[in-house]
Amino acid sequence: MRLAIWNYPAAEFLVSGFTSGAVPSPFEIERYAPEECAARLVRGEADVALLPTTMALKAYESLDAIPSVGLVAWQYPYARLVWGGGLHDFPETIAYNRRHAQERFVAHVVLHEHYQRDPEFVAYDDVTPRELLAAGEDAALLVGPDVPTLQTEGFSMDLGREWYELANYPMVWGLLVTRRGRADAGVIKPIIENAKAAEAHREVWVQAQETPAALNTFYREDLRIRIDRLGIASLTELRTYLFYYEEVDEIPDVPFVYLDEDEEEES
């Protein structure tokens, strides 16, 4: 079986139980940009894929989600809003990569709900974070694996931190999903065992990363790969905002698929 995850270090932690050999893996693990992970799942070129949560919720009727596992964070250095002013000088226009629809949505909600601001989001196609900074808009929404180490001038807003301050819950950035009807015990159990092993060996994994100290703090304290009650509450908030902002026609379900023993544990 093939498992497609994002080419972000944070997503690498999600499969570190498999890659460390701590648990047997039935998967061939492949790494792509988030939108390519989704495309490969749709084309049948991946059996399991990490999808942006908003994308998974919008397509919930055609997907199954692995229970209790996802990409969750209290802060998130991989998505930043950058502009030359500060909280007393909000931007009127924001440049963003059209592919990063989830981050654009979170930024829209945060700015409207938390700061009563509604800037215009200007979409660009196939641009790098540096190109967005030079695009000529008042601000840039920077997303991707290189963003934590990208040197920028001006004010920088961590979207994960902003979501937490708005919702009081950590943001669930990604869900592991299959196509509808494909999430059986042979898929679910290994992924849950991987998550347990990854958490148990977190410190070993962090020490092996060649990253700045600030990112090590993120990996140690802010990044989670288990969706607990706080994560479920955050998903409820996100689902409600998707409906309120007319991204969906009705509040979507979270398409978790539970095995019998999983249901007993959840209850």
# chains A, B, ... in the order shown; residues from 1 in each chain; ligands from 1

call {"tool": "select_by_dssp", "arguments": {"residues": "region 106-187 of chain A", "states": "strand (DSSP E or B)", "output": "list in words"}}
result
Glu120, Phe121, Val122, Ala123, Tyr124, Ala139, Ala140, Leu141, Leu142, Val143, Phe155, Ser156, Met157, Asp158, Met171, Val172, Trp173, Gly174, Leu175, Leu176, Val177, Thr178 and Arg179 of chain A

call {"tool": "residues_around", "arguments": {"residues": "region 234-246 of chain A", "least_positions_apart": "5", "cutoff": "9 Å", "atoms": "only C-alpha atoms", "output": "list in words"}}
result
Thr53, Thr54, Leu57, Lys58, Phe105, Val106, Val109, Tyr164, Ala167, Asn168, Tyr169, Pro170, Met171, Val172, Arg229, Ile251, Pro252, Asp253 and Val254 of chain A

call {"tool": "closest_atom_pairs", "arguments": {"of": "region 16-113 of chain A", "to": "region 180-191 of chain A", "cutoff": "10 Å", "atoms": "only C-alpha atoms", "output": "JSON lines"}}
result
{"residue": "A:Gly17", "atom": "CA", "partner": "A:Ile191", "partner_atom": "CA", "distance": 9.0}
{"residue": "A:Phe18", "atom": "CA", "partner": "A:Ile191", "partner_atom": "CA", "distance": 8.7}
{"residue": "A:Val23", "atom": "CA", "partner": "A:Pro190", "partner_atom": "CA", "distance": 7.9}
{"residue": "A:Pro24", "atom": "CA", "partner": "A:Pro190", "partner_atom": "CA", "distance": 7.7}
{"residue": "A:Ser25", "atom": "CA", "partner": "A:Pro190", "partner_atom": "CA", "distance": 6.9}
{"residue": "A:Pro26", "atom": "CA", "partner": "A:Pro190", "partner_atom": "CA", "distance": 7.5}
{"residue": "A:Phe27", "atom": "CA", "partner": "A:Val187", "partner_atom": "CA", "distance": 9.0}
{"residue": "A:Asp47", "atom": "CA", "partner": "A:Arg182", "partner_atom": "CA", "distance": 8.0}
{"residue": "A:Val48", "atom": "CA", "partner": "A:Val187", "partner_atom": "CA", "distance": 8.2}
{"residue": "A:Tyr60", "atom": "CA", "partner": "A:Arg180", "partner_atom": "CA", "distance": 8.7}
{"residue": "A:Glu61", "atom": "CA", "partner": "A:Arg180", "partner_atom": "CA", "distance": 7.6}
{"residue": "A:Ser62", "atom": "CA", "partner": "A:Arg180", "partner_atom": "CA", "distance": 5.1}
{"residue": "A:Leu63", "atom": "CA", "partner": "A:Arg180", "partner_atom": "CA", "distance": 4.3}
{"residue": "A:Asp64", "atom": "CA", "partner": "A:Arg180", "partner_atom": "CA", "distance": 5.0}
{"residue": "A:Ala65", "atom": "CA", "partner": "A:Ala183", "partner_atom": "CA", "distance": 7.4}
{"residue": "A:Ile66", "atom": "CA", "partner": "A:Ile188", "partner_atom": "CA", "distance": 6.0}
{"residue": "A:Pro67", "atom": "CA", "partner": "A:Ile188", "partner_atom": "CA", "distance": 7.7}
{"residue": "A:Ser68", "atom": "CA", "partner": "A:Ile191", "partner_atom": "CA", "distance": 9.7}
{"residue": "A:Val69", "atom": "CA", "partner": "A:Ile191", "partner_atom": "CA", "distance": 7.8}

call {"tool": "write_last_selection", "arguments": {"atoms": "N, CA and C atoms", "output": "mmCIF file, in the first residue's frame"}}
result
data_model
loop_
_atom_site.group_PDB
_atom_site.id
_atom_site.type_symbol
_atom_site.label_atom_id
_atom_site.label_comp_id
_atom_site.auth_asym_id
_atom_site.auth_seq_id
_atom_site.Cartn_x
_atom_site.Cartn_y
_atom_site.Cartn_z
ATOM 1 N N GLY A 17 7.246 6.719 13.357
ATOM 2 C CA GLY A 17 7.200 5.377 13.935
ATOM 3 C C GLY A 17 7.511 4.315 12.900
ATOM 4 N N PHE A 18 7.008 4.529 11.677
ATOM 5 C CA PHE A 18 7.298 3.602 10.582
ATOM 6 C C PHE A 18 8.759 3.721 10.129
ATOM 7 N N VAL A 23 7.796 0.215 14.480
ATOM 8 C CA VAL A 23 6.667 -0.676 14.198
ATOM 9 C C VAL A 23 6.749 -1.097 12.732
ATOM 10 N N PRO A 24 6.284 -2.302 12.408
ATOM 11 C CA PRO A 24 6.301 -2.740 11.008
ATOM 12 C C PRO A 24 5.388 -1.853 10.164
ATOM 13 N N SER A 25 5.815 -1.561 8.949
ATOM 14 C CA SER A 25 5.018 -0.716 8.062
ATOM 15 C C SER A 25 4.530 -1.497 6.854
ATOM 16 N N PRO A 26 3.209 -1.498 6.622
ATOM 17 C CA PRO A 26 2.692 -2.106 5.402
ATOM 18 C C PRO A 26 2.682 -1.126 4.232
ATOM 19 N N PHE A 27 3.217 0.102 4.470
ATOM 20 C CA PHE A 27 3.102 1.169 3.487
ATOM 21 C C PHE A 27 4.437 1.497 2.822
ATOM 22 N N ASP A 47 -3.062 4.921 -1.480
ATOM 23 C CA ASP A 47 -4.135 4.266 -0.724
ATOM 24 C C ASP A 47 -4.556 5.103 0.477
ATOM 25 N N VAL A 48 -3.593 5.806 1.071
ATOM 26 C CA VAL A 48 -3.835 6.707 2.198
ATOM 27 C C VAL A 48 -3.101 8.000 1.897
ATOM 28 N N TYR A 60 -16.179 15.081 2.551
ATOM 29 C CA TYR A 60 -16.354 14.026 3.553
ATOM 30 C C TYR A 60 -17.211 12.867 3.056
ATOM 31 N N GLU A 61 -18.118 13.101 2.138
ATOM 32 C CA GLU A 61 -19.001 12.021 1.683
ATOM 33 C C GLU A 61 -18.269 10.984 0.837
ATOM 34 N N SER A 62 -17.090 11.329 0.341
ATOM 35 C CA SER A 62 -16.354 10.395 -0.519
ATOM 36 C C SER A 62 -15.074 9.877 0.139
ATOM 37 N N LEU A 63 -14.873 10.213 1.423
ATOM 38 C CA LEU A 63 -13.638 9.843 2.109
ATOM 39 C C LEU A 63 -13.918 9.115 3.411
ATOM 40 N N ASP A 64 -12.941 8.344 3.868
ATOM 41 C CA ASP A 64 -12.882 7.815 5.224
ATOM 42 C C ASP A 64 -11.645 8.405 5.895
ATOM 43 N N ALA A 65 -11.759 8.809 7.149
ATOM 44 C CA ALA A 65 -10.625 9.367 7.883
ATOM 45 C C ALA A 65 -10.175 8.398 8.960
ATOM 46 N N ILE A 66 -8.852 8.274 9.099
ATOM 47 C CA ILE A 66 -8.294 7.410 10.129
ATOM 48 C C ILE A 66 -8.578 8.037 11.493
ATOM 49 N N PRO A 67 -9.155 7.307 12.427
ATOM 50 C CA PRO A 67 -9.513 7.912 13.718
ATOM 51 C C PRO A 67 -8.293 8.215 14.577
ATOM 52 N N SER A 68 -8.387 9.298 15.328
ATOM 53 C CA SER A 68 -7.433 9.635 16.398
ATOM 54 C C SER A 68 -6.066 10.091 15.914
ATOM 55 N N VAL A 69 -5.826 10.174 14.606
ATOM 56 C CA VAL A 69 -4.504 10.525 14.094
ATOM 57 C C VAL A 69 -4.628 11.674 13.100
#

call {"tool": "residues_around", "arguments": {"residues": "Ala95 (chain A)", "least_positions_apart": "3", "cutoff": "7 Å", "atoms": "only C-alpha atoms", "output": "list in words"}}
result
Phe121, Val122, Ala123, Tyr124, Leu132, Ala135, Glu137, Ala139, Ala140 and Leu141 of chain A

call {"tool": "atom_distance", "arguments": {"atom1": "CA of Arg179 (chain A)", "atom2": "CA of Asp228 (chain A)"}}
result
23.2 Å

call {"tool": "closest_residue", "arguments": {"among": "A:Asn97, A:His112, A:Pro148, A:Met157", "to": "Val127 (chain A)", "atoms": "only C-alpha atoms"}}
result
A:Asn97

call {"tool": "select_by_dssp", "arguments": {"residues": "region 51-230 of chain A", "states": "alpha helix (DSSP H)", "output": "PyMOL selection string"}}
result
chain A and resi 53-58+101-115+129-133+159-167+185-200+202-208+213-217+229-230

call {"tool": "closest_residue", "arguments": {"among": "A:Arg161, A:Arg2, A:Arg98, A:Arg226", "to": "Ala200 (chain A)", "atoms": "only C-alpha atoms"}}
result
A:Arg226

call {"tool": "closest_residue", "arguments": {"among": "A:Gly86, A:Asn7, A:Ser20, A:Ile192", "to": "Ala208 (chain A)", "atoms": "only C-alpha atoms"}}
result
A:Ser20

call {"tool": "residues_around", "arguments": {"residues": "Tyr76 (chain A)", "least_positions_apart": "2", "cutoff": "9 Å", "atoms": "only C-alpha atoms", "output": "list in words"}}
result
Val72, Ala73, Trp74, Tyr78, Ala79, Arg80, Pro148, Asp158, Leu159, Gly160, Arg161, Met171, Phe218, Asp222 and Leu223 of chain A

call {"tool": "atom_distance", "arguments": {"atom1": "CA of Thr217 (chain A)", "atom2": "CA of Gln75 (chain A)"}}
result
10.5 Å

call {"tool": "closest_residue", "arguments": {"among": "A:His100, A:Ile5, A:Ala22, A:Gly70", "to": "Arg202 (chain A)", "atoms": "only C-alpha atoms"}}
result
A:Ala22

call {"tool": "decode", "arguments": {"residues": "region 168-181 of chain A", "atoms": "all heavy atoms", "output": "PDB file, in the first residue's frame"}}
result
ATOM      1  N   ASN A 168      -9.404  28.725  21.005  1.00  0.00           N
ATOM      2  CA  ASN A 168      -8.977  28.100  22.271  1.00  0.00           C
ATOM      3  C   ASN A 168      -8.650  26.625  22.126  1.00  0.00           C
ATOM      4  O   ASN A 168      -8.614  25.895  23.125  1.00  0.00           O
ATOM      5  CB  ASN A 168     -10.024  28.291  23.371  1.00  0.00           C
ATOM      6  CG  ASN A 168     -10.194  29.751  23.756  1.00  0.00           C
ATOM      7  OD1 ASN A 168      -9.214  30.461  23.922  1.00  0.00           O
ATOM      8  ND2 ASN A 168     -11.435  30.192  23.873  1.00  0.00           N
ATOM      9  N   TYR A 169      -8.417  26.186  20.896  1.00  0.00           N
ATOM     10  CA  TYR A 169      -8.034  24.801  20.631  1.00  0.00           C
ATOM     11  C   TYR A 169      -6.908  24.783  19.603  1.00  0.00           C
ATOM     12  O   TYR A 169      -6.809  25.692  18.773  1.00  0.00           O
ATOM     13  CB  TYR A 169      -9.226  23.998  20.081  1.00  0.00           C
ATOM     14  CG  TYR A 169     -10.428  24.000  20.975  1.00  0.00           C
ATOM     15  CD1 TYR A 169     -11.603  24.639  20.584  1.00  0.00           C
ATOM     16  CD2 TYR A 169     -10.400  23.374  22.215  1.00  0.00           C
ATOM     17  CE1 TYR A 169     -12.720  24.651  21.411  1.00  0.00           C
ATOM     18  CE2 TYR A 169     -11.513  23.376  23.045  1.00  0.00           C
ATOM     19  CZ  TYR A 169     -12.668  24.023  22.630  1.00  0.00           C
ATOM     20  OH  TYR A 169     -13.764  24.040  23.459  1.00  0.00           O
ATOM     21  N   PRO A 170      -6.083  23.737  19.611  1.00  0.00           N
ATOM     22  CA  PRO A 170      -5.046  23.631  18.580  1.00  0.00           C
ATOM     23  C   PRO A 170      -5.685  23.367  17.218  1.00  0.00           C
ATOM     24  O   PRO A 170      -6.728  22.728  17.128  1.00  0.00           O
ATOM     25  CB  PRO A 170      -4.205  22.440  19.044  1.00  0.00           C
ATOM     26  CG  PRO A 170      -5.164  21.602  19.841  1.00  0.00           C
ATOM     27  CD  PRO A 170      -6.069  22.578  20.534  1.00  0.00           C
ATOM     28  N   MET A 171      -5.048  23.857  16.181  1.00  0.00           N
ATOM     29  CA  MET A 171      -5.565  23.662  14.827  1.00  0.00           C
ATOM     30  C   MET A 171      -5.225  22.260  14.322  1.00  0.00           C
ATOM     31  O   MET A 171      -4.099  21.778  14.492  1.00  0.00           O
ATOM     32  CB  MET A 171      -4.957  24.706  13.884  1.00  0.00           C
ATOM     33  CG  MET A 171      -5.326  24.540  12.425  1.00  0.00           C
ATOM     34  SD  MET A 171      -7.091  24.816  12.100  1.00  0.00           S
ATOM     35  CE  MET A 171      -7.144  24.400  10.348  1.00  0.00           C
ATOM     36  N   VAL A 172      -6.209  21.598  13.735  1.00  0.00           N
ATOM     37  CA  VAL A 172      -5.981  20.316  13.066  1.00  0.00           C
ATOM     38  C   VAL A 172      -5.705  20.633  11.596  1.00  0.00           C
ATOM     39  O   VAL A 172      -6.620  20.908  10.819  1.00  0.00           O
ATOM     40  CB  VAL A 172      -7.196  19.381  13.204  1.00  0.00           C
ATOM     41  CG1 VAL A 172      -6.912  18.041  12.527  1.00  0.00           C
ATOM     42  CG2 VAL A 172      -7.548  19.170  14.672  1.00  0.00           C
ATOM     43  N   TRP A 173      -4.438  20.606  11.214  1.00  0.00           N
ATOM     44  CA  TRP A 173      -4.053  21.021   9.864  1.00  0.00           C
ATOM     45  C   TRP A 173      -4.266  19.926   8.823  1.00  0.00           C
ATOM     46  O   TRP A 173      -4.498  20.225   7.650  1.00  0.00           O
ATOM     47  CB  TRP A 173      -2.584  21.456   9.855  1.00  0.00           C
ATOM     48  CG  TRP A 173      -2.361  22.730  10.589  1.00  0.00           C
ATOM     49  CD1 TRP A 173      -1.900  22.872  11.868  1.00  0.00           C
ATOM     50  CD2 TRP A 173      -2.619  24.058  10.122  1.00  0.00           C
ATOM     51  NE1 TRP A 173      -1.848  24.206  12.217  1.00  0.00           N
ATOM     52  CE2 TRP A 173      -2.288  24.948  11.161  1.00  0.00           C
ATOM     53  CE3 TRP A 173      -3.106  24.577   8.917  1.00  0.00           C
ATOM     54  CZ2 TRP A 173      -2.419  26.336  11.032  1.00  0.00           C
ATOM     55  CZ3 TRP A 173      -3.236  25.958   8.788  1.00  0.00           C
ATOM     56  CH2 TRP A 173      -2.894  26.817   9.830  1.00  0.00           C
ATOM     57  N   GLY A 174      -4.157  18.658   9.231  1.00  0.00           N
ATOM     58  CA  GLY A 174      -4.286  17.594   8.249  1.00  0.00           C
ATOM     59  C   GLY A 174      -4.900  16.336   8.829  1.00  0.00           C
ATOM     60  O   GLY A 174      -4.736  16.041  10.021  1.00  0.00           O
ATOM     61  N   LEU A 175      -5.623  15.609   7.986  1.00  0.00           N
ATOM     62  CA  LEU A 175      -6.209  14.315   8.345  1.00  0.00           C
ATOM     63  C   LEU A 175      -5.692  13.250   7.384  1.00  0.00           C
ATOM     64  O   LEU A 175      -5.540  13.509   6.179  1.00  0.00           O
ATOM     65  CB  LEU A 175      -7.737  14.369   8.256  1.00  0.00           C
ATOM     66  CG  LEU A 175      -8.472  15.305   9.212  1.00  0.00           C
ATOM     67  CD1 LEU A 175      -9.963  15.337   8.863  1.00  0.00           C
ATOM     68  CD2 LEU A 175      -8.268  14.888  10.660  1.00  0.00           C
ATOM     69  N   LEU A 176      -5.440  12.061   7.905  1.00  0.00           N
ATOM     70  CA  LEU A 176      -5.092  10.922   7.066  1.00  0.00           C
ATOM     71  C   LEU A 176      -6.376  10.267   6.583  1.00  0.00           C
ATOM     72  O   LEU A 176      -7.213   9.867   7.394  1.00  0.00           O
ATOM     73  CB  LEU A 176      -4.245   9.924   7.845  1.00  0.00           C
ATOM     74  CG  LEU A 176      -2.773  10.294   8.030  1.00  0.00           C
ATOM     75  CD1 LEU A 176      -2.107   9.347   9.018  1.00  0.00           C
ATOM     76  CD2 LEU A 176      -2.033  10.266   6.699  1.00  0.00           C
ATOM     77  N   VAL A 177      -6.530  10.152   5.267  1.00  0.00           N
ATOM     78  CA  VAL A 177      -7.796   9.664   4.710  1.00  0.00           C
ATOM     79  C   VAL A 177      -7.550   8.614   3.635  1.00  0.00           C
ATOM     80  O   VAL A 177      -6.470   8.520   3.053  1.00  0.00           O
ATOM     81  CB  VAL A 177      -8.626  10.821   4.114  1.00  0.00           C
ATOM     82  CG1 VAL A 177      -8.888  11.902   5.152  1.00  0.00           C
ATOM     83  CG2 VAL A 177      -7.948  11.417   2.887  1.00  0.00           C
ATOM     84  N   THR A 178      -8.596   7.832   3.399  1.00  0.00           N
ATOM     85  CA  THR A 178      -8.664   6.923   2.258  1.00  0.00           C
ATOM     86  C   THR A 178      -9.914   7.272   1.457  1.00  0.00           C
ATOM     87  O   THR A 178     -10.742   8.056   1.904  1.00  0.00           O
ATOM     88  CB  THR A 178      -8.763   5.457   2.702  1.00  0.00           C
ATOM     89  OG1 THR A 178     -10.072   5.231   3.279  1.00  0.00           O
ATOM     90  CG2 THR A 178      -7.701   5.097   3.728  1.00  0.00           C
ATOM     91  N   ARG A 179     -10.035   6.678   0.301  1.00  0.00           N
ATOM     92  CA  ARG A 179     -11.316   6.787  -0.390  1.00  0.00           C
ATOM     93  C   ARG A 179     -12.376   6.014   0.386  1.00  0.00           C
ATOM     94  O   ARG A 179     -12.072   5.091   1.139  1.00  0.00           O
ATOM     95  CB  ARG A 179     -11.172   6.268  -1.817  1.00  0.00           C
ATOM     96  CG  ARG A 179     -10.412   7.239  -2.737  1.00  0.00           C
ATOM     97  CD  ARG A 179     -10.162   6.640  -4.098  1.00  0.00           C
ATOM     98  NE  ARG A 179      -9.182   5.571  -4.010  1.00  0.00           N
ATOM     99  CZ  ARG A 179      -8.890   4.736  -5.004  1.00  0.00           C
ATOM    100  NH1 ARG A 179      -9.537   4.834  -6.161  1.00  0.00           N
ATOM    101  NH2 ARG A 179      -7.980   3.798  -4.859  1.00  0.00           N
ATOM    102  N   ARG A 180     -13.632   6.404   0.225  1.00  0.00           N
ATOM    103  CA  ARG A 180     -14.720   5.822   1.003  1.00  0.00           C
ATOM    104  C   ARG A 180     -14.735   4.300   0.879  1.00  0.00           C
ATOM    105  O   ARG A 180     -14.641   3.738  -0.217  1.00  0.00           O
ATOM    106  CB  ARG A 180     -16.055   6.411   0.527  1.00  0.00           C
ATOM    107  CG  ARG A 180     -17.299   5.855   1.202  1.00  0.00           C
ATOM    108  CD  ARG A 180     -17.276   5.976   2.722  1.00  0.00           C
ATOM    109  NE  ARG A 180     -17.210   7.339   3.225  1.00  0.00           N
ATOM    110  CZ  ARG A 180     -18.269   8.087   3.530  1.00  0.00           C
ATOM    111  NH1 ARG A 180     -19.480   7.610   3.356  1.00  0.00           N
ATOM    112  NH2 ARG A 180     -18.101   9.298   4.027  1.00  0.00           N
ATOM    113  N   GLY A 181     -14.821   3.637   2.041  1.00  0.00           N
ATOM    114  CA  GLY A 181     -14.902   2.184   2.091  1.00  0.00           C
ATOM    115  C   GLY A 181     -13.566   1.473   2.120  1.00  0.00           C
ATOM    116  O   GLY A 181     -13.530   0.236   2.179  1.00  0.00           O
TER     117      GLY A 181
END
